[in-house]
Amino acid sequence: MKKQMISALLGLLLMVPAFAAGTHYEMRVDGLACPFCAYGIEKKLKAIEGVSNIKVDLNKGLVSVDMAEGKTLSEEQMKKLFDDSGFTYRSMKTTPL
């Protein structure tokens, strides 16, 4: 009985992320060359409400983030963020989580 109860609770906990919808953003950026560049971008993105799972791929020039449900990032917002940081924003691709 305990094993069934634990299994049921574990199953419910694993299903919770499936109900949390949001958006995955992937931005192409020129000029990212070192870990300090990545850290600076991560710090600015963390300051935006709803941002999580920030990843910076220096070799590919990609910055990816997940946004909470109901929150969005705009092209203008990202262009300003990257331009103000000294990088060249190229494009943004979005996919649902």
# chains A, B, ... in the order shown; residues from 1 in each chain; ligands from 1
call {"tool": "residues_around", "arguments": {"residues": "Asn59 (chain A)", "least_positions_apart": "3", "cutoff": "10 Å", "atoms": "only C-alpha atoms", "output": "PyMOL selection string"}}
result
chain A and resi 32-34+56+62
call {"tool": "write_last_selection", "arguments": {"atoms": "N, CA and C atoms", "output": "PDB file, in the first residue's frame"}}
result
ATOM      1  N   LEU A  32      29.705  37.329 -28.885  1.00  0.00           N
ATOM      2  CA  LEU A  32      29.904  36.572 -27.635  1.00  0.00           C
ATOM      3  C   LEU A  32      31.193  35.781 -27.767  1.00  0.00           C
ATOM      4  N   ALA A  33      32.206  36.146 -26.983  1.00  0.00           N
ATOM      5  CA  ALA A  33      33.514  35.534 -27.177  1.00  0.00           C
ATOM      6  C   ALA A  33      34.097  34.850 -25.945  1.00  0.00           C
ATOM      7  N   CYS A  34      33.593  35.160 -24.763  1.00  0.00           N
ATOM      8  CA  CYS A  34      34.232  34.611 -23.570  1.00  0.00           C
ATOM      9  C   CYS A  34      33.203  34.371 -22.464  1.00  0.00           C
ATOM     10  N   VAL A  56      23.936  29.973 -22.617  1.00  0.00           N
ATOM     11  CA  VAL A  56      24.679  30.737 -23.613  1.00  0.00           C
ATOM     12  C   VAL A  56      25.676  29.797 -24.269  1.00  0.00           C
ATOM     13  N   LEU A  62      24.553  31.554 -29.608  1.00  0.00           N
ATOM     14  CA  LEU A  62      23.142  31.395 -29.268  1.00  0.00           C
ATOM     15  C   LEU A  62      22.911  31.642 -27.787  1.00  0.00           C
TER      16      LEU A  62
END
call {"tool": "residues_around", "arguments": {"residues": "region 82-95 of chain A", "least_positions_apart": "4", "cutoff": "8 Å", "atoms": "only C-alpha atoms", "output": "JSON, numbers by chain"}}
result
{"A": [23, 24, 25, 26, 27, 28, 29, 30, 31, 32, 40, 41, 75, 78]}
call {"tool": "atom_distance", "arguments": {"atom1": "CA of Pro96 (chain A)", "atom2": "CA of Cys37 (chain A)"}}
result
27.1 Å
call {"tool": "atom_distance", "arguments": {"atom1": "CA of Asp57 (chain A)", "atom2": "CA of Phe36 (chain A)"}}
result
12.5 Å
call {"tool": "closest_residue", "arguments": {"among": "A:Leu73, A:Val63, A:Ala38, A:Leu97", "to": "Gly50 (chain A)", "atoms": "only C-alpha atoms"}}
result
A:Leu73
call {"tool": "atom_distance", "arguments": {"atom1": "CA of Lys43 (chain A)", "atom2": "CA of Asp66 (chain A)"}}
result
14.7 Å
call {"tool": "closest_residue", "arguments": {"among": "A:Lys80, A:Ile54, A:Lys44, A:Tyr39", "to": "Met67 (chain A)", "atoms": "only C-alpha atoms"}}
result
A:Ile54
call {"tool": "closest_residue", "arguments": {"among": "A:Ile48, A:Val65, A:Ala21, A:Leu58", "to": "Gln77 (chain A)", "atoms": "only C-alpha atoms"}}
result
A:Ile48
call {"tool": "select_by_dssp", "arguments": {"residues": "region 40-69 of chain A", "states": "helix (DSSP H, G or I)", "output": "list in words"}}
result
Gly40, Ile41, Glu42, Lys43, Lys44, Leu45 and Lys46 of chain A
